[in-house]
file work.cif (mmCIF, C-alpha atoms and all ligand atoms)
data_work
loop_
_atom_site.label_atom_id
_atom_site.label_comp_id
_atom_site.auth_asym_id
_atom_site.auth_seq_id
_atom_site.Cartn_x
_atom_site.Cartn_y
_atom_site.Cartn_z
CA MET A 1 109.94 126.90 91.49
CA ASP A 2 109.32 130.15 89.64
CA GLN A 3 105.87 131.58 88.99
CA GLU A 4 105.73 130.52 85.38
CA HIS A 5 106.48 126.90 86.26
CA GLU A 6 103.97 126.97 89.04
CA LYS A 7 101.32 128.18 86.61
CA ILE A 8 102.15 125.39 84.19
CA PHE A 9 102.08 122.72 86.88
CA ARG A 10 98.74 123.97 88.10
CA LEU A 11 97.30 123.71 84.58
CA ILE A 12 98.62 120.18 84.27
CA GLU A 13 97.28 119.20 87.65
CA THR A 14 93.82 120.57 86.94
CA ALA A 15 93.75 118.80 83.60
CA ASP A 16 94.90 115.53 85.18
CA ASN A 17 92.08 115.78 87.66
CA PHE A 18 89.48 116.33 84.93
CA VAL A 19 90.61 113.09 83.36
CA LYS A 20 90.92 111.14 86.59
CA TYR A 21 87.65 112.15 88.19
CA ALA A 22 85.36 112.39 85.17
CA SER A 23 81.97 110.99 86.11
CA PRO A 24 80.67 108.10 84.00
CA GLY A 25 79.13 109.32 80.76
CA LYS A 26 80.83 112.71 81.07
CA GLU A 27 84.25 111.55 79.97
CA SER A 28 84.44 113.30 76.63
CA ARG A 29 83.47 116.62 78.16
CA ALA A 30 86.11 116.20 80.86
CA GLU A 31 88.62 115.25 78.21
CA SER A 32 88.01 118.35 76.14
CA ARG A 33 88.41 120.48 79.26
CA ALA A 34 91.64 118.69 80.05
CA ARG A 35 92.87 119.02 76.47
CA LYS A 36 92.36 122.78 76.56
CA ARG A 37 94.50 123.06 79.66
CA TYR A 38 97.20 120.69 78.43
CA LEU A 39 97.47 122.71 75.21
CA LYS A 40 97.84 125.90 77.17
CA ALA A 41 100.42 124.26 79.43
CA GLN A 42 102.24 123.07 76.32
CA ARG A 43 102.41 126.59 74.90
CA LEU A 44 103.77 127.99 78.14
CA ALA A 45 106.22 125.13 78.58
CA GLU A 46 107.55 125.64 75.07
CA GLN A 47 108.02 129.35 75.79
CA SER A 48 109.92 128.50 78.97
CA SER A 49 112.06 126.09 76.89
CA ASP A 50 111.99 123.53 79.69
CA GLU A 51 112.26 120.32 77.69
CA GLY A 52 111.37 118.04 80.57
CA LEU A 53 108.16 119.91 81.09
CA VAL A 54 107.31 120.00 77.39
CA GLU A 55 107.75 116.23 77.38
CA GLN A 56 105.51 115.74 80.41
CA VAL A 57 102.70 117.62 78.70
CA ARG A 58 103.27 115.82 75.43
CA LEU A 59 102.96 112.42 77.12
CA ARG A 60 99.71 113.46 78.72
CA LEU A 61 98.24 114.72 75.46
CA GLU A 62 99.24 111.48 73.80
CA ASP A 63 97.54 109.47 76.51
CA LEU A 64 94.45 111.63 76.27
CA GLU A 65 94.19 111.12 72.51
CA ARG A 66 94.55 107.39 73.00
CA ARG A 67 91.80 107.33 75.61
CA SER A 68 89.44 109.54 73.71
CA LYS A 69 89.40 107.06 70.83
CA LEU A 70 88.25 104.22 73.07
CA ALA A 71 84.66 102.99 73.04
CA PRO A 72 82.94 103.28 76.45
CA SER A 73 83.36 99.55 77.16
CA GLU A 74 87.05 99.63 76.31
CA ARG A 75 87.39 102.72 78.41
CA ALA A 76 86.10 100.82 81.42
CA ALA A 77 88.58 98.04 80.70
CA ASP A 78 91.30 100.64 80.42
CA ASP A 79 90.58 101.73 83.97
CA ASP A 80 89.87 98.34 85.46
CA ASP A 81 92.26 96.89 87.99
CA THR A 82 94.81 99.54 87.28
CA ILE A 83 96.53 100.82 90.34
CA THR A 84 97.84 104.28 89.74
CA SER A 85 100.88 105.32 91.64
CA GLU A 86 100.87 109.03 92.41
CA PRO A 87 103.87 110.95 93.69
CA PRO A 88 104.06 111.08 97.50
CA GLU A 89 102.74 114.06 99.42
CA HIS A 90 106.16 115.63 99.81
CA ALA A 91 106.56 115.78 96.02
CA ALA A 92 106.01 119.25 94.60
CA GLU A 93 105.82 117.96 91.02
CA ARG A 94 105.63 114.73 89.15
CA VAL A 95 109.31 114.56 88.24
CA PRO A 96 111.74 114.46 91.17
CA PRO A 97 114.44 117.12 91.51
CA GLY A 98 117.48 116.67 89.29
CA GLN A 99 115.70 114.25 86.92
CA ARG A 100 114.96 114.62 83.21
CA VAL A 101 112.18 112.80 81.38
CA VAL A 102 113.26 110.40 78.64
CA ARG A 103 111.19 109.03 75.77
CA GLY A 104 113.02 105.79 75.21
CA TRP A 105 113.90 103.25 77.80
CA PRO A 106 117.56 103.00 78.74
CA VAL A 107 118.93 99.60 79.72
CA LEU A 108 121.09 99.54 82.81
CA HIS A 109 122.52 96.59 84.64
CA GLU A 110 125.60 94.81 85.88
CA GLY A 111 126.53 91.51 84.29
CA SER A 112 124.71 89.74 81.50
CA ILE A 113 121.08 88.95 80.70
CA PRO A 114 120.36 85.57 82.28
CA ARG A 115 118.81 82.69 80.40
CA PHE A 116 115.35 81.61 81.59
CA ASP A 117 114.63 77.93 82.13
CA GLU A 118 111.11 77.59 83.45
CA SER A 119 111.65 74.03 84.70
CA SER A 120 114.30 75.11 87.17
CA TRP A 121 113.00 78.62 87.91
CA SER A 122 111.29 79.44 91.20
CA PHE A 123 110.54 82.44 93.34
CA THR A 124 111.15 82.06 97.08
CA VAL A 125 110.10 84.11 100.09
CA GLU A 126 112.08 83.09 103.17
CA GLY A 127 113.79 84.38 106.29
CA ALA A 128 111.86 86.02 109.12
CA CYS A 129 108.42 84.66 108.24
CA ALA A 130 106.03 81.90 109.31
CA HIS A 131 106.00 80.08 105.94
CA VAL A 132 108.64 79.69 103.31
CA VAL A 133 106.88 80.26 100.00
CA THR A 134 108.24 78.74 96.80
CA LEU A 135 106.37 79.21 93.54
CA GLY A 136 107.02 78.14 89.98
CA TYR A 137 106.58 80.65 87.17
CA SER A 138 103.03 79.71 86.19
CA GLU A 139 101.93 79.40 89.84
CA LEU A 140 103.18 82.91 90.40
CA GLN A 141 101.44 84.26 87.30
CA ASP A 142 98.20 82.62 88.42
CA LEU A 143 98.13 85.11 91.31
CA GLY A 144 97.52 87.88 88.77
CA PRO A 145 97.59 89.71 86.61
CA LEU A 146 96.87 93.24 87.56
CA GLU A 147 98.00 96.44 85.90
CA MET A 148 99.66 99.41 87.44
CA ARG A 149 100.74 102.71 86.01
CA SER A 150 103.79 104.24 87.61
CA ASP A 151 106.84 106.39 86.95
CA PHE A 152 110.43 105.17 87.07
CA HIS A 153 113.34 107.25 88.27
CA CYS A 154 116.95 106.17 87.78
CA VAL A 155 119.61 107.67 90.01
CA THR A 156 121.70 108.53 86.93
CA GLY A 157 119.12 111.22 86.16
CA TRP A 158 116.53 109.84 83.77
CA SER A 159 112.87 109.33 84.53
CA LYS A 160 110.50 107.25 82.44
CA LEU A 161 106.90 108.25 83.05
CA ASP A 162 103.69 106.28 82.61
CA ASN A 163 104.87 102.72 82.64
CA HIS A 164 101.99 100.27 82.50
CA TRP A 165 103.24 97.23 84.36
CA ARG A 166 101.49 93.87 84.38
CA GLY A 167 102.09 91.44 87.19
CA ILE A 168 101.18 90.87 90.82
CA LYS A 169 101.43 92.95 93.95
CA THR A 170 104.31 92.09 96.23
CA THR A 171 101.80 92.09 99.10
CA GLU A 172 100.24 88.96 97.58
CA LEU A 173 103.38 86.98 98.20
CA LEU A 174 104.27 88.57 101.51
CA ALA A 175 100.83 87.79 102.88
CA ARG A 176 101.36 84.12 102.04
CA ALA A 177 104.70 84.07 103.84
CA LEU A 178 103.37 85.90 106.92
CA PRO A 179 106.36 88.04 107.95
CA ASN A 180 107.32 87.81 111.62
CA ALA A 181 106.42 90.78 113.80
CA ASP A 182 110.07 91.79 114.02
CA ALA A 183 110.73 91.67 110.26
CA THR A 184 111.68 95.16 109.08
CA HIS A 185 113.44 94.83 105.71
CA VAL A 186 113.65 92.65 102.67
CA LEU A 187 116.82 91.74 100.86
CA VAL A 188 115.73 91.19 97.28
CA HIS A 189 117.74 88.54 95.45
CA ALA A 190 118.24 88.29 91.71
CA GLU A 191 120.13 86.07 89.28
CA GLN A 192 123.92 86.36 89.41
CA GLY A 193 123.97 87.57 93.00
CA TYR A 194 122.53 91.06 92.48
CA THR A 195 120.69 92.27 95.58
CA ALA A 196 118.90 95.37 96.84
CA ASN A 197 117.44 96.11 100.26
CA VAL A 198 113.95 97.56 100.59
CA PRO A 199 111.99 98.34 103.76
CA LEU A 200 109.27 95.73 104.26
CA ALA A 201 106.75 98.58 104.59
CA VAL A 202 107.54 99.72 101.04
CA LEU A 203 106.90 96.25 99.62
CA GLN A 204 103.64 96.21 101.57
CA GLU A 205 102.45 99.29 99.72
CA ASN A 206 99.92 98.60 97.00
CA GLU A 207 102.07 100.02 94.25
CA SER A 208 105.04 97.70 94.63
CA MET A 209 104.80 94.77 92.27
CA LEU A 210 106.48 91.90 90.49
CA ALA A 211 106.05 92.37 86.76
CA TRP A 212 106.33 90.30 83.60
CA GLY A 213 104.61 92.73 81.22
CA HIS A 214 105.16 96.34 80.22
CA ASN A 215 103.02 98.65 78.09
CA GLY A 216 100.89 95.84 76.72
CA ARG A 217 103.74 93.52 75.82
CA GLN A 218 105.82 90.89 77.47
CA LEU A 219 108.68 92.53 79.32
CA ALA A 220 111.90 92.32 77.30
CA PRO A 221 114.63 90.11 78.78
CA LYS A 222 116.96 93.12 78.95
CA HIS A 223 114.41 94.86 81.19
CA GLY A 224 114.11 91.94 83.57
CA TRP A 225 111.86 89.26 82.06
CA PRO A 226 110.81 86.71 83.23
CA LEU A 227 110.21 88.74 86.41
CA ARG A 228 111.25 92.07 87.79
CA LEU A 229 110.48 93.99 90.90
CA VAL A 230 108.89 97.42 90.48
CA VAL A 231 109.23 99.86 93.37
CA PRO A 232 108.07 103.24 92.05
CA ARG A 233 108.75 104.97 95.38
CA LEU A 234 112.52 104.47 95.24
CA TYR A 235 115.32 104.99 92.73
CA GLY A 236 115.49 102.39 89.98
CA TRP A 237 118.32 100.25 91.28
CA LYS A 238 115.88 98.90 93.87
CA SER A 239 113.61 97.70 91.03
CA VAL A 240 115.50 94.47 90.71
CA LYS A 241 115.49 92.70 87.35
CA TRP A 242 115.54 88.88 87.00
CA VAL A 243 114.34 88.66 90.57
CA ARG A 244 114.27 85.26 92.29
CA GLY A 245 113.36 85.85 95.89
CA PHE A 246 112.71 87.91 99.00
CA GLU A 247 114.68 87.35 102.19
CA LEU A 248 112.88 88.81 105.19
CA LEU A 249 115.26 90.48 107.63
CA THR A 250 114.98 91.67 111.22
CA ALA A 251 117.77 94.20 110.67
CA ASP A 252 118.63 96.21 107.60
CA GLN A 253 121.39 94.87 105.36
CA ARG A 254 122.79 96.77 102.36
CA GLY A 255 122.49 95.35 98.87
CA PHE A 256 124.73 95.46 95.81
CA TRP A 257 124.66 99.22 95.09
CA GLU A 258 124.07 100.27 98.66
CA ILE A 259 127.47 98.73 99.47
CA ARG A 260 129.01 100.53 96.47
CA GLY A 261 128.19 104.07 97.47
CA TYR A 262 124.52 104.49 96.74
CA HIS A 263 122.10 105.71 99.36
CA ASN A 264 120.53 103.12 101.63
CA ARG A 265 117.02 104.60 101.41
CA ALA A 266 116.94 106.00 97.85
CA ASP A 267 113.91 108.29 97.96
CA PRO A 268 114.09 110.21 94.64
CA TRP A 269 111.91 113.03 96.03
CA LEU A 270 114.51 113.70 98.70
CA GLU A 271 117.36 113.13 96.23
CA GLU A 272 118.81 110.37 98.35
CA ARG A 273 121.40 109.37 95.74
CA TYR A 274 124.69 108.64 97.50
CA SER A 275 125.69 107.02 100.76
CA TYR A 276 127.71 110.08 101.85
CA GLN A 277 124.41 111.94 102.17
CA GLU A 278 123.13 109.54 104.80
CA GLY A 279 124.73 111.42 107.69
N1 LIG B 1 119.37 92.22 88.56
C1 LIG B 1 119.61 93.52 88.35
N2 LIG B 1 118.59 94.39 88.46
C2 LIG B 1 118.79 95.71 88.26
C3 LIG B 1 120.06 96.22 87.93
C4 LIG B 1 121.13 95.27 87.84
O1 LIG B 1 122.30 95.63 87.59
N3 LIG B 1 120.86 93.94 88.04
N4 LIG B 1 120.23 97.58 87.72
C5 LIG B 1 119.26 98.47 88.33
C6 LIG B 1 119.33 99.85 87.87
S1 LIG B 1 120.64 100.77 88.39
C7 LIG B 1 118.31 100.43 87.16
S2 LIG B 1 118.27 102.09 86.82
C8 LIG B 1 117.22 99.61 86.61
C9 LIG B 1 117.16 99.82 85.12
O2 LIG B 1 116.13 99.10 84.58
P1 LIG B 1 116.00 99.04 83.00
O3 LIG B 1 117.30 98.51 82.46
O4 LIG B 1 114.84 98.16 82.72
O5 LIG B 1 115.78 100.46 82.55
O6 LIG B 1 117.36 98.24 86.89
C10 LIG B 1 117.83 97.95 88.18
N5 LIG B 1 117.74 96.55 88.39
MO MO B 2 119.98 103.04 87.95
#

call {"tool": "encode", "arguments": {"input": "work.cif", "output": "structure tokens", "more": "lines below"}}
Ligand SMILES: Nc1nc2c(c(=O)[nH]1)N[C@H]1C(S)=C(S)[C@@H](COP(=O)(O)O)O[C@H]1N2
Ligand SMILES: [Mo]
result
Amino acid sequence: MDQEHEKIFRLIETADNFVKYASPGKESRAESRARKRYLKAQRLAEQSSDEGLVEQVRLRLEDLERRSKLAPSERAADDDDTITSEPPEHAAERVPPGQRVVRGWPVLHEGSIPRFDESSWSFTVEGACAHVVTLGYSELQDLGPLEMRSDFHCVTGWSKLDNHWRGIKTTELLARALPNADATHVLVHAEQGYTANVPLAVLQENESMLAWGHNGRQLAPKHGWPLRLVVPRLYGWKSVKWVRGFELLTADQRGFWEIRGYHNRADPWLEERYSYQEG
């Protein structure tokens, strides 16, 4: 990263922290400090003509303006129960290498959008666990909801920042199933036979969830409604849409894309895109 970029990222980071750690009652002061830094970062980013960076700052300013209009009580609600997924420690910036930030939301999947029939729909956790768990749609929703903000990175190069997901933590379901001590991975099953493998430890992180809402609305069917997995830590193909179950495994087993040349682990911060990189 060159010096100019580093300067911009530092401004953004400082501003983010003003917003995140503002003490109660001091929010508007923290926000105006943050705004000053975002605006400066915006100027510098525009000069550097790095569009991804300009977009990152723009999204933050937009969020700040939205927040600053909230009454104190709404502001508390805005923060309540929201898990915020931050990039891992080995991430130098918020957007992984080789990614560009998009404004819209591309739709990407194999096959067609399945029809949802609640009377025959269920979510199952099975395999290497003490209890098989089977839940209907409303039973599953009754475990929530909670909100989480996280970023989404697709292996084809686009990143969508600041997604506000509504749903339940995957840990909720896994805890009910009680994985065996030797369970190491989960094969995630979706409609029409799509699968993806995820380490059990990743689904036991607080930021992995099953979602039915996005940015204050019901999730669109094309984005995975009635239920999709959200795994912010890994490339998007592991965030399985139209998900129907978890199969607990005692040995890793590749899923749909992992068999077709994508990387088994899929850490976007390490650019684990293709299977030939596995070595
Ligand atoms: N069931 C299912 N889930 C899927 C896919 C798929 O083909 N089938 N594609 C994956 C890929 S490659 C990506 S990038 C994301 C895209 O999610 P979006 O269409 O909501 O942007 O969904 C993932 N989940
Ligand atoms: Mo993807």

call {"tool": "closest_atom_pairs", "arguments": {"input": "work.cif", "of": "chain A", "to": "ligand MO 2 (chain B)", "cutoff": "8 Å", "atoms": "all atoms listed in the file", "output": "tab-separated table"}}
result
residue	atom	partner	partner_atom	distance
A:Leu108	CA	B:MO2	MO	6.3
A:His109	CA	B:MO2	MO	7.7
A:His153	CA	B:MO2	MO	7.9
A:Cys154	CA	B:MO2	MO	4.4
A:Val155	CA	B:MO2	MO	5.1
A:Thr156	CA	B:MO2	MO	5.8
A:Tyr235	CA	B:MO2	MO	7.0
A:Gly236	CA	B:MO2	MO	5.0
A:Trp237	CA	B:MO2	MO	4.7

call {"tool": "write_last_selection", "arguments": {"input": "work.cif", "atoms": "C-alpha atoms", "output": "PDB file, keeping the file's coordinate frame"}}
result
ATOM      1  CA  LEU A 108     121.090  99.540  82.810  1.00  0.00           C
ATOM      2  CA  HIS A 109     122.520  96.590  84.640  1.00  0.00           C
ATOM      3  CA  HIS A 153     113.340 107.250  88.270  1.00  0.00           C
ATOM      4  CA  CYS A 154     116.950 106.170  87.780  1.00  0.00           C
ATOM      5  CA  VAL A 155     119.610 107.670  90.010  1.00  0.00           C
ATOM      6  CA  THR A 156     121.700 108.530  86.930  1.00  0.00           C
ATOM      7  CA  TYR A 235     115.320 104.990  92.730  1.00  0.00           C
ATOM      8  CA  GLY A 236     115.490 102.390  89.980  1.00  0.00           C
ATOM      9  CA  TRP A 237     118.320 100.250  91.280  1.00  0.00           C
TER      10      TRP A 237
END

call {"tool": "residues_around", "arguments": {"input": "work.cif", "residues": "stretch 101-107 of chain A", "least_positions_apart": "5", "cutoff": "6 Å", "atoms": "all atoms listed in the file", "output": "MDAnalysis selection string"}}
result
chainID A and resid 52 158:160

call {"tool": "axis_aligned_box", "arguments": {"input": "work.cif", "around": "stretch 51-57 of chain A", "padding_each_side": "6 Å", "output": "AutoDock Vina command-line options"}}
result
--center_x 107.5 --center_y 118.0 --center_z 79.2 --size_x 21.6 --size_y 16.6 --size_z 15.7

call {"tool": "residues_around", "arguments": {"input": "work.cif", "residues": "A:Leu44", "least_positions_apart": "3", "cutoff": "12 Å", "atoms": "only C-alpha atoms", "output": "PyMOL selection string"}}
result
chain A and resi 3-12+37-41+47-51+53-54+57

call {"tool": "atom_distance", "arguments": {"input": "work.cif", "atom1": "atom CA of A:Gln56", "atom2": "atom CA of A:Asn206"}}
result
24.5 Å

call {"tool": "residues_around", "arguments": {"input": "work.cif", "residues": "A:Ser32", "least_positions_apart": "6", "cutoff": "12 Å", "atoms": "only C-alpha atoms", "output": "short mmCIF file (atom, residue, chain, number, x, y, z; two decimals) with C-alpha atoms, in the coordinates of the input"}}
result
data_model
loop_
_atom_site.label_atom_id
_atom_site.label_comp_id
_atom_site.auth_asym_id
_atom_site.auth_seq_id
_atom_site.Cartn_x
_atom_site.Cartn_y
_atom_site.Cartn_z
CA ALA A 15 93.75 118.80 83.60
CA ASP A 16 94.90 115.53 85.18
CA PHE A 18 89.48 116.33 84.93
CA VAL A 19 90.61 113.09 83.36
CA ALA A 22 85.36 112.39 85.17
CA LYS A 26 80.83 112.71 81.07
CA TYR A 38 97.20 120.69 78.43
CA LEU A 39 97.47 122.71 75.21
CA LEU A 61 98.24 114.72 75.46
CA LEU A 64 94.45 111.63 76.27
CA GLU A 65 94.19 111.12 72.51
CA ARG A 67 91.80 107.33 75.61
CA SER A 68 89.44 109.54 73.71
#
